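Visitor: Contents are compact mmCIF, C-alpha atoms; file name model_27.txt:
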# COMPACT_ATOMS: atom_id res chain seq x y z
CA MET Q 1 30.38 3.18 1.13
CA PRO Q 2 26.72 2.59 2.04
CA SER Q 3 25.10 4.70 4.75
CA LEU Q 4 23.78 3.10 7.92
CA PRO Q 5 20.12 3.50 8.82
CA PRO Q 6 19.22 5.84 11.71
CA LEU Q 7 19.49 3.10 14.33
CA ASP Q 8 19.62 4.07 18.01
CA ILE Q 9 21.46 1.09 19.52
CA LYS Q 10 20.82 2.08 23.15
CA ARG Q 11 17.08 2.34 22.64
CA LYS Q 12 17.00 -0.35 19.93
CA ILE Q 13 14.91 1.93 17.72
CA ASN Q 14 15.34 2.18 13.95
CA HIS Q 15 13.86 5.48 12.75
CA ALA Q 16 13.96 4.49 9.07
CA PRO Q 17 10.53 3.69 7.64
CA HIS Q 18 9.15 0.42 6.38
CA LEU Q 19 7.34 1.07 3.10
CA ILE Q 20 4.65 -1.31 1.84
CA ILE Q 21 3.37 -0.87 -1.71
CA LEU Q 22 0.06 -2.54 -2.54
CA GLY Q 23 -1.27 -3.48 -5.97
CA ALA Q 24 -4.52 -5.10 -7.04
CA GLY Q 25 -3.14 -8.55 -6.20
CA ALA Q 26 -2.94 -7.56 -2.52
CA SER Q 27 -6.65 -6.81 -2.24
CA LEU Q 28 -7.48 -9.98 -4.13
CA ALA Q 29 -5.31 -12.03 -1.75
CA ALA Q 30 -6.84 -10.30 1.28
CA PHE Q 31 -10.43 -10.69 0.05
CA PRO Q 32 -10.56 -13.71 -2.28
CA SER Q 33 -14.30 -14.10 -1.68
CA GLY Q 34 -15.02 -10.42 -2.17
CA ASP Q 35 -16.39 -7.93 0.31
CA ALA Q 36 -18.77 -8.48 3.23
CA ASN Q 37 -21.64 -8.99 0.76
CA GLY Q 38 -19.73 -11.11 -1.75
CA ARG Q 39 -19.08 -8.30 -4.23
CA LYS Q 40 -16.06 -9.43 -6.24
CA LEU Q 41 -12.79 -7.56 -6.56
CA PRO Q 42 -11.78 -7.17 -10.21
CA LEU Q 43 -8.31 -7.16 -11.72
CA MET Q 44 -7.51 -5.21 -14.88
CA ARG Q 45 -7.92 -8.34 -16.98
CA ASN Q 46 -11.52 -8.94 -15.87
CA LEU Q 47 -12.63 -5.48 -14.74
CA VAL Q 48 -14.92 -4.87 -17.72
CA GLU Q 49 -16.75 -8.14 -17.04
CA ILE Q 50 -17.04 -7.89 -13.24
CA VAL Q 51 -17.98 -4.21 -13.06
CA GLY Q 52 -20.33 -4.62 -16.03
CA LEU Q 53 -18.83 -2.11 -18.44
CA GLY Q 54 -19.20 -4.18 -21.63
CA GLU Q 55 -22.59 -2.81 -22.64
CA LEU Q 56 -21.44 0.78 -22.13
CA LEU Q 57 -18.27 0.27 -24.17
CA ALA Q 58 -20.10 -1.54 -26.96
CA ALA Q 59 -22.65 1.28 -27.17
CA HIS Q 60 -19.75 3.63 -27.94
CA GLY Q 61 -18.30 1.33 -30.57
CA VAL Q 62 -15.59 -0.19 -28.38
CA HIS Q 63 -15.59 -3.96 -28.83
CA ASP Q 64 -12.05 -5.08 -28.06
CA GLY Q 65 -9.24 -4.63 -25.54
CA TYR Q 66 -11.45 -5.67 -22.62
CA GLU Q 67 -8.75 -8.03 -21.28
CA ASP Q 68 -6.50 -5.09 -20.27
CA PHE Q 69 -8.59 -2.22 -18.96
CA GLU Q 70 -5.64 0.10 -18.25
CA SER Q 71 -4.41 -0.14 -21.82
CA LEU Q 72 -7.96 0.23 -23.09
CA TYR Q 73 -8.50 3.39 -21.08
CA ASP Q 74 -5.10 4.69 -22.18
CA ARG Q 75 -6.13 4.23 -25.80
CA LEU Q 76 -9.47 5.99 -25.31
CA ALA Q 77 -7.90 8.88 -23.40
CA SER Q 78 -5.15 9.29 -25.99
CA GLU Q 79 -7.69 9.43 -28.82
CA ASN Q 80 -9.58 12.08 -26.83
CA VAL Q 81 -12.71 11.53 -28.90
CA LYS Q 82 -15.05 10.05 -26.31
CA PRO Q 83 -15.07 12.43 -23.29
CA GLU Q 84 -18.62 11.41 -22.35
CA LEU Q 85 -17.57 7.75 -22.32
CA LEU Q 86 -14.55 8.50 -20.11
CA ARG Q 87 -16.72 10.39 -17.61
CA THR Q 88 -19.27 7.58 -17.49
CA LEU Q 89 -16.58 4.93 -17.04
CA GLU Q 90 -15.16 6.79 -14.06
CA HIS Q 91 -18.64 7.26 -12.56
CA GLN Q 92 -19.52 3.57 -12.85
CA LEU Q 93 -16.16 2.43 -11.50
CA HIS Q 94 -16.47 4.80 -8.55
CA ALA Q 95 -19.99 3.56 -7.80
CA TYR Q 96 -18.92 -0.10 -7.94
CA PHE Q 97 -15.97 0.23 -5.58
CA ALA Q 98 -17.70 2.71 -3.27
CA GLY Q 99 -20.38 0.07 -2.62
CA MET Q 100 -17.88 -2.40 -1.15
CA GLN Q 101 -17.83 -3.11 2.58
CA LEU Q 102 -15.05 -4.52 4.74
CA PRO Q 103 -15.93 -7.89 6.36
CA GLU Q 104 -16.46 -7.78 10.13
CA GLU Q 105 -13.77 -10.35 10.92
CA VAL Q 106 -10.10 -9.42 11.25
CA THR Q 107 -8.65 -9.10 7.75
CA LEU Q 108 -5.21 -9.07 6.21
CA TYR Q 109 -5.48 -5.28 5.85
CA ASP Q 110 -6.13 -4.89 9.59
CA LEU Q 111 -2.93 -6.87 10.22
CA LEU Q 112 -0.93 -4.87 7.69
CA LEU Q 113 -1.91 -1.61 9.36
CA LEU Q 114 -1.25 -2.89 12.87
CA SER Q 115 2.09 -4.42 11.86
CA LEU Q 116 3.50 -0.93 11.21
CA ARG Q 117 3.66 2.29 13.20
CA GLU Q 118 3.50 6.03 12.50
CA LYS Q 119 6.96 6.33 10.93
CA ASP Q 120 6.00 3.74 8.29
CA VAL Q 121 4.05 4.09 5.05
CA ILE Q 122 1.54 2.02 3.10
CA ALA Q 123 1.15 3.20 -0.50
CA THR Q 124 -1.66 1.65 -2.51
CA PHE Q 125 -2.56 1.71 -6.19
CA ASN Q 126 -6.01 0.29 -5.38
CA TRP Q 127 -9.39 1.97 -5.68
CA ASP Q 128 -11.23 -0.28 -3.23
CA PRO Q 129 -12.16 1.14 0.22
CA PHE Q 130 -10.81 -1.70 2.37
CA LEU Q 131 -7.55 -0.14 3.56
CA ALA Q 132 -9.30 3.12 4.49
CA GLN Q 133 -12.10 1.26 6.25
CA ALA Q 134 -9.56 -0.84 8.15
CA PHE Q 135 -7.76 2.35 9.17
CA ARG Q 136 -10.98 3.77 10.60
CA ARG Q 137 -11.71 0.78 12.79
CA ASN Q 138 -8.14 0.52 14.09
CA ARG Q 139 -7.40 4.19 14.66
CA SER Q 140 -7.97 3.89 18.41
CA ILE Q 141 -4.41 2.50 18.37
CA ARG Q 142 -3.42 6.00 17.15
CA ARG Q 143 0.12 5.04 16.15
CA LEU Q 144 -0.79 3.79 12.66
CA PRO Q 145 1.24 4.20 9.46
CA LYS Q 146 0.68 6.90 6.87
CA ILE Q 147 -1.50 5.76 3.94
CA LEU Q 148 -0.91 7.07 0.41
CA PHE Q 149 -3.42 6.59 -2.43
CA LEU Q 150 -1.35 6.67 -5.60
CA HIS Q 151 -4.21 6.34 -8.09
CA GLY Q 152 -6.95 7.92 -6.00
CA ASN Q 153 -9.49 5.98 -3.95
CA VAL Q 154 -13.25 5.94 -3.46
CA GLU Q 155 -12.83 6.69 0.26
CA VAL Q 156 -10.61 9.78 -0.04
CA GLY Q 157 -10.91 13.25 -1.46
CA ALA Q 158 -9.33 16.67 -1.46
CA CYS Q 159 -10.00 20.38 -1.38
CA PRO Q 160 -7.86 21.52 -4.34
CA GLU Q 161 -8.21 25.21 -3.46
CA HIS Q 162 -6.68 24.82 0.00
CA ARG Q 163 -4.61 21.69 -0.63
CA ARG Q 164 -6.24 19.64 2.09
CA SER Q 165 -7.10 15.95 1.82
CA GLY Q 166 -8.88 13.36 3.92
CA PHE Q 167 -11.67 10.82 3.98
CA ILE Q 168 -14.53 11.60 1.65
CA GLU Q 169 -16.97 12.54 4.44
CA GLN Q 170 -14.55 15.03 6.03
CA ARG Q 171 -14.58 18.77 5.46
CA CYS Q 172 -11.72 21.07 4.53
CA SER Q 173 -10.28 22.67 7.66
CA VAL Q 174 -10.05 26.03 5.85
CA CYS Q 175 -13.30 26.49 3.89
CA GLY Q 176 -15.49 23.86 5.55
CA ASN Q 177 -16.53 22.28 2.26
CA LEU Q 178 -16.73 18.52 1.87
CA MET Q 179 -13.75 16.87 0.20
CA ARG Q 180 -14.14 16.35 -3.53
CA PRO Q 181 -13.80 12.72 -4.64
CA SER Q 182 -10.36 11.87 -5.98
CA ASN Q 183 -9.91 10.95 -9.63
CA LEU Q 184 -9.46 7.25 -10.33
CA LEU Q 185 -8.52 6.98 -14.00
CA PHE Q 186 -5.32 8.19 -15.61
CA PRO Q 187 -3.68 7.32 -18.95
CA VAL Q 188 -1.34 4.49 -17.98
CA LYS Q 189 1.66 4.99 -20.27
CA HIS Q 190 2.17 8.69 -19.67
CA LYS Q 191 0.60 9.52 -16.33
CA ASP Q 192 1.05 13.13 -15.32
CA TYR Q 193 1.27 12.94 -11.55
CA THR Q 194 1.74 16.71 -11.33
CA ALA Q 195 -1.57 17.66 -12.96
CA ASP Q 196 -3.78 16.52 -10.07
CA PRO Q 197 -2.74 18.26 -6.79
CA PHE Q 198 -3.93 15.39 -4.59
CA ILE Q 199 -2.15 12.70 -6.63
CA HIS Q 200 0.95 14.90 -6.88
CA SER Q 201 1.11 15.19 -3.09
CA GLU Q 202 0.67 11.43 -2.60
CA TRP Q 203 3.54 10.68 -5.01
CA GLU Q 204 5.79 13.29 -3.41
CA GLN Q 205 5.36 11.54 -0.07
CA LEU Q 206 6.01 8.15 -1.66
CA GLN Q 207 9.23 9.44 -3.19
CA GLN Q 208 10.40 10.66 0.22
CA ALA Q 209 9.60 7.26 1.73
CA LEU Q 210 11.53 5.43 -0.99
CA GLN Q 211 14.57 7.63 -0.41
CA SER Q 212 14.71 6.73 3.29
CA ALA Q 213 13.11 3.27 3.63
CA TYR Q 214 15.08 0.43 5.21
CA LEU Q 215 12.52 -2.22 4.27
CA VAL Q 216 10.32 -2.15 1.17
CA THR Q 217 7.54 -4.71 0.75
CA ILE Q 218 5.78 -4.92 -2.62
CA PHE Q 219 2.56 -6.89 -2.37
CA GLY Q 220 0.50 -7.78 -5.42
CA TYR Q 221 1.98 -5.14 -7.72
CA SER Q 222 3.87 -6.41 -10.76
CA ALA Q 223 5.31 -3.09 -12.04
CA PRO Q 224 3.82 -3.70 -15.50
CA ILE Q 225 5.84 -2.40 -18.43
CA THR Q 226 2.79 -0.41 -19.52
CA ASP Q 227 2.98 1.62 -16.29
CA VAL Q 228 6.05 3.48 -17.51
CA GLU Q 229 5.80 6.64 -15.42
CA ALA Q 230 5.08 4.87 -12.12
CA ARG Q 231 7.91 2.40 -12.55
CA SER Q 232 10.34 5.15 -13.51
CA LEU Q 233 9.50 7.22 -10.42
CA LEU Q 234 9.78 4.22 -8.11
CA LEU Q 235 13.20 3.21 -9.45
CA LYS Q 236 14.62 6.74 -9.56
CA ASN Q 237 13.83 7.43 -5.91
CA TRP Q 238 14.89 3.99 -4.68
CA MET Q 239 18.26 4.50 -6.37
CA GLU Q 240 18.65 7.73 -4.37
CA ASN Q 241 18.25 5.91 -1.04
CA PRO Q 242 21.67 6.10 0.72
CA THR Q 243 21.01 2.90 2.72
CA ARG Q 244 19.86 0.92 -0.34
CA GLU Q 245 22.85 -1.46 -0.26
CA LEU Q 246 21.98 -2.52 3.30
CA ALA Q 247 18.21 -2.40 2.95
CA GLU Q 248 15.88 -5.19 1.87
CA ILE Q 249 13.08 -5.57 -0.68
CA ASP Q 250 10.42 -8.25 -0.23
CA ILE Q 251 8.11 -9.19 -3.10
CA ILE Q 252 4.84 -11.01 -2.45
CA ASP Q 253 3.61 -12.46 -5.71
CA ILE Q 254 2.26 -15.81 -6.93
CA ARG Q 255 3.96 -15.67 -10.34
CA PRO Q 256 6.97 -17.91 -11.08
CA ARG Q 257 10.13 -16.74 -9.32
CA GLU Q 258 11.94 -16.17 -12.61
CA ASP Q 259 9.20 -13.80 -13.81
CA ILE Q 260 9.30 -11.85 -10.55
CA GLU Q 261 13.08 -11.48 -10.65
CA GLN Q 262 12.86 -10.29 -14.24
CA SER Q 263 10.25 -7.67 -13.29
CA TRP Q 264 12.25 -6.26 -10.39
CA PHE Q 265 15.92 -7.05 -11.13
CA ASP Q 266 16.94 -3.38 -11.50
CA PHE Q 267 15.63 -2.67 -7.97
CA PHE Q 268 17.67 -5.43 -6.30
CA VAL Q 269 21.09 -5.06 -4.68
CA ARG Q 270 22.95 -8.38 -4.76
CA GLN Q 271 20.86 -10.88 -2.75
CA HIS Q 272 19.12 -8.28 -0.57
CA TYR Q 273 15.64 -9.36 -1.53
CA GLY Q 274 13.08 -12.01 -0.68
CA ILE Q 275 10.30 -13.51 -2.77
CA PHE Q 276 7.22 -14.92 -1.05
CA THR Q 277 3.80 -16.19 -2.00
CA ASN Q 278 2.18 -15.09 1.27
CA VAL Q 279 2.63 -11.78 3.09
CA ARG Q 280 2.47 -13.62 6.42
CA GLN Q 281 5.95 -14.98 5.65
CA THR Q 282 7.50 -11.50 5.73
CA THR Q 283 9.30 -9.59 8.47
CA SER Q 284 6.39 -7.30 9.33
CA PHE Q 285 4.29 -10.33 10.33
CA HIS Q 286 7.11 -12.09 12.20
CA HIS Q 287 8.00 -8.84 14.01
CA PRO Q 288 4.92 -6.57 13.99
CA ARG Q 289 5.68 -2.89 14.63
CA ARG Q 290 9.38 -3.81 14.89
CA SER Q 291 10.25 -4.93 11.34
CA CYS Q 292 13.04 -2.40 10.70
CA GLU Q 293 14.48 -2.92 14.18
CA ALA Q 294 14.46 -6.72 13.92
CA PHE Q 295 16.08 -6.66 10.49
CA ALA Q 296 18.77 -4.20 11.60
CA MET Q 297 19.55 -6.12 14.78
CA ALA Q 298 19.91 -9.38 12.84
CA THR Q 299 22.00 -8.01 9.96
CA LEU Q 300 23.96 -5.10 11.45
CA GLN Q 301 24.30 -6.21 15.09
CA GLN Q 302 24.32 -10.00 14.64
CA ASP Q 303 21.76 -10.15 17.44
CA PRO Q 304 18.54 -11.57 15.97
CA TRP Q 305 15.34 -11.18 17.92
CA SER Q 306 12.89 -14.00 18.63
CA GLU Q 307 9.85 -13.95 16.39
CA ASN Q 308 6.72 -12.28 17.72
CA ASN Q 309 4.07 -13.61 15.36
CA PHE Q 310 0.50 -12.36 15.49
CA PRO Q 311 -1.64 -14.62 17.71
CA PRO Q 312 -4.49 -16.77 16.39
CA LEU Q 313 -7.14 -14.18 15.73
CA LEU Q 314 -10.31 -13.86 17.71
CA ASN Q 315 -11.32 -10.25 17.16
CA LEU Q 316 -9.89 -6.77 16.91
CA GLU Q 317 -10.31 -6.08 20.62
CA TYR Q 318 -8.13 -9.08 21.47
CA LEU Q 319 -5.58 -8.07 18.86
CA HIS Q 320 -5.39 -4.51 20.19
CA LYS Q 321 -4.81 -5.82 23.73
CA TRP Q 322 -2.07 -8.15 22.48
CA LEU Q 323 -0.28 -5.14 20.97
CA LEU Q 324 -0.34 -3.11 24.21
CA PRO Q 325 3.19 -4.10 25.37
CA LEU Q 326 4.56 -2.85 22.05
CA ILE Q 327 2.55 0.37 22.25
CA LYS Q 328 3.86 1.00 25.78
CA GLU Q 329 7.44 0.55 24.55
CA GLU Q 330 6.77 3.07 21.79
CA GLU Q 331 5.42 5.58 24.28
CA ALA Q 332 8.52 5.07 26.46
CA GLU Q 333 10.81 5.22 23.38
CA MET Q 334 12.72 2.17 24.58
CA PHE Q 335 12.40 -1.17 22.78
CA THR Q 336 13.32 -4.60 24.17
CA GLY Q 337 12.84 -6.95 21.24
CA LYS Q 338 10.91 -9.30 23.52
CA PRO Q 339 7.83 -11.13 22.18
CA CYS Q 340 4.44 -10.18 23.58
CA ALA Q 341 3.46 -12.51 26.42
CA LYS Q 342 -0.01 -13.99 26.40
CA SER Q 343 -0.13 -13.60 30.17
CA GLU Q 344 -0.25 -9.82 29.67
CA LEU Q 345 -3.67 -10.01 28.04
Show how you would write the structure in this file as structure tokens.
Guide:
Amino acid sequence: MPSLPPLDIKRKINHAPHLIILGAGASLAAFPSGDANGRKLPLMRNLVEIVGLGELLAAHGVHDGYEDFESLYDRLASENVKPELLRTLEHQLHAYFAGMQLPEEVTLYDLLLLSLREKDVIATFNWDPFLAQAFRRNRSIRRLPKILFLHGNVEVGACPEHRRSGFIEQRCSVCGNLMRPSNLLFPVKHKDYTADPFIHSEWEQLQQALQSAYLVTIFGYSAPITDVEARSLLLKNWMENPTRELAEIDIIDIRPREDIEQSWFDFFVRQHYGIFTNVRQTTSFHHPRRSCEAFAMATLQQDPWSENNFPPLLNLEYLHKWLLPLIKEEEAEMFTGKPCAKSEL
């Protein structure tokens, strides 16, 4: 017998989290033209070319495998014969991604953050700074989701001695030292998520979210078979979710539907999944900040809510004002399910 989510019918509040997992395809979809200055976002298949690592690799006698950087790095790390090369690769990758700047206009990452609230979680495999930069410029809203950086990130760091983490420019609340940059590169086939305290903590929080999530959205992450450890951890903790049979998984991916179903079939329960080519088609965009409530009311209460789609975007100030009725409901801890009215702006 499946367990029901923690739904407060009187207040119309679902306390279960919505978990969004981002892969490299999400950043590419959000920033197809690159960053504010046109700097391109690489995928693993073209990372060596775009970041300009070919000359470095060739100088160390590495002339093949460029089309799959994760597997290439895994091979080099496993051989353990080129420590200087591994250090230089990480340095150059960090420098490339750290130089990227979020465009001034409202982006897909702004909308993703604002579509969730503090009980929810966004977990990203990406090194680029865009999600962290979007968090900074939207944090006046205060009630933003938790962000987890599963493979490190150029914008975050940690104090390993005192187990504190934060943005790279922040200082440890105990010793006052600046956060140390997080590691970016790990052997892909046998990642040890316990060896790095920061990464270990991020994955612990992801596992907790998977065990309690009512909606899971996977955007631009294909769960490659080479990423054995990550896939195993994701599946193990999802299987331990007591509401899994009533919950929903949405996949946003541009691959053929058959390929996507093959990649994720062991995560699905019957037909409780959706496959989309655009994240704007998903529940969190049709019901921002109310995705778990709207889904529960439609499926468990047979009382679907009217859609409350984001308005045509002018700027962040306008968007923040549009969200105010939802924020006020959250402060009062009493939801209505009513769409935001333009007259309230």
Visitor: Could you please give me, as a list in words, the residues of protein, DNA or RNA lying at most 12 Å from (13.5, 5.1, -8.4) in the coordinate frame of the file, considering only C-alpha atoms?
Guide: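 Within the cut-off we find Trp203, Leu206, Gln207, Gln208, Ala209, Leu210, Gln211, Ser212, Val228, Glu229, Ala230, Arg231, Ser232, Leu233, Leu234, Leu235, Lys236, Asn237, Trp238, Met239, Glu240, Asn241, Arg244, Trp264, Asp266, Phe267 and Phe268 of chain Q.
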Visitor: Please determine, counting only C-alpha atoms, which residue among Q:Ile275, Q:Ala132, Q:Val106, Q:Leu86 has the shortest atom-to-atom distance to Ile168 in chain Q.
Guide: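 Among the listed residues, the smallest separation from Ile168 in chain Q belongs to Q:Ala132.
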Visitor: Return the single residue from Q:Met100, Q:Ala77, Q:Leu300, Q:Leu47 that is closest to Asp35 in chain Q, with distances computed using all atoms listed in the file.
Guide: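 Between Q:Met100, Q:Ala77, Q:Leu300, Q:Leu47, the residue approaching Asp35 in chain Q most closely is Q:Met100.
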Visitor: What's the 12 Å shell around Ala26 in chain Q, counting all atoms listed in the file, without same-chain residues fewer than 5 positions away, as a PyMOL selection string?
Guide: chain Q and resi 20-21+31-32+41-43+107-109+112+122-128+130-131+217-222+251-254+277-279
Visitor: Can you measure CA of Lys119 in chain Q to CA of Gln205 in chain Q for me? One decimal in Å is fine.
Guide: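 Interatomic distance here is 12.3 Å.
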Visitor: What is the distance between CA of Cys159 in chain Q and CA of Leu178 in chain Q, in Å to one decimal?
Guide: 7.7 Å
Visitor: One decimal, Å: what's the distance from CA of Ala294 in chain Q over to CA of Pro6 in chain Q, could you say?
Guide: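 These two atoms are separated by 13.6 Å.
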Visitor: If we count only C-alpha atoms and set the cut-off at 8 Å, which residues sit around Asn153 in chain Q, ignoring sequence neighbours fewer than 3 positions away in its own chain? Please answer as a ChimeraX atom specification.
Guide: /Q:126-129,149,156-157,182-184
Visitor: Given all atoms listed in the file as the basis, pick out the residue of Q:Ile50, Q:Ala134, Q:Ala16, Q:Leu116 nearest to Ala213 in chain Q.
Guide: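 Between Q:Ile50, Q:Ala134, Q:Ala16, Q:Leu116, the residue approaching Ala213 in chain Q most closely is Q:Ala16.
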Visitor: Please provide as a compact mmCIF listing (two decimals) with C-alpha atoms, in the frame of the given file all residues within 10 Å of Phe285 in chain Q, with the sequence filter that same-chain residues fewer than 5 positions apart are discarded (counting all atoms listed in the file).
Guide:
# COMPACT_ATOMS: atom_id res chain seq x y z
CA LEU Q 111 -2.93 -6.87 10.22
CA LEU Q 112 -0.93 -4.87 7.69
CA LEU Q 114 -1.25 -2.89 12.87
CA SER Q 115 2.09 -4.42 11.86
CA LEU Q 116 3.50 -0.93 11.21
CA VAL Q 279 2.63 -11.78 3.09
CA ARG Q 280 2.47 -13.62 6.42
CA ARG Q 290 9.38 -3.81 14.89
CA SER Q 291 10.25 -4.93 11.34
CA GLU Q 307 9.85 -13.95 16.39
CA ASN Q 308 6.72 -12.28 17.72
CA ASN Q 309 4.07 -13.61 15.36
CA PHE Q 310 0.50 -12.36 15.49
Visitor: Measuring atom to atom with all atoms listed in the file, identify which of Q:Val121, Q:Tyr73, Q:Glu258, Q:Lys12 is nearest to Trp305 in chain Q.
Guide: Q:Lys12
Visitor: Excluding range 173-175 of chain Q and any residue of its chain fewer than 3 positions from it, enumerate the residues within 12 Å of it, using all atoms listed in the file, and give them as a list in words.
Guide: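 Close residues of range 173-175 of chain Q: Ala158, Cys159, Pro160, Glu161, His162, Arg163, Arg164, Ser165, Gly166, Gln170, Leu178 and Met179 of chain Q.
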Visitor: Which one is closest to Gln92 in chain Q: Q:Pro145, Q:Pro242, Q:Gly337, Q:Gly52? Count only C-alpha atoms.
Guide: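 That would be Q:Gly52, the residue with the smallest distance to Gln92 in chain Q.
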Visitor: Out of Q:Ala223, Q:Leu323, Q:Pro17, Q:Phe69, which residue has the shortest atom-to-atom distance to Lys146 in chain Q when counting only C-alpha atoms?
Guide: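 Checking each candidate against Lys146 in chain Q, we get Q:Pro17 as the closest.
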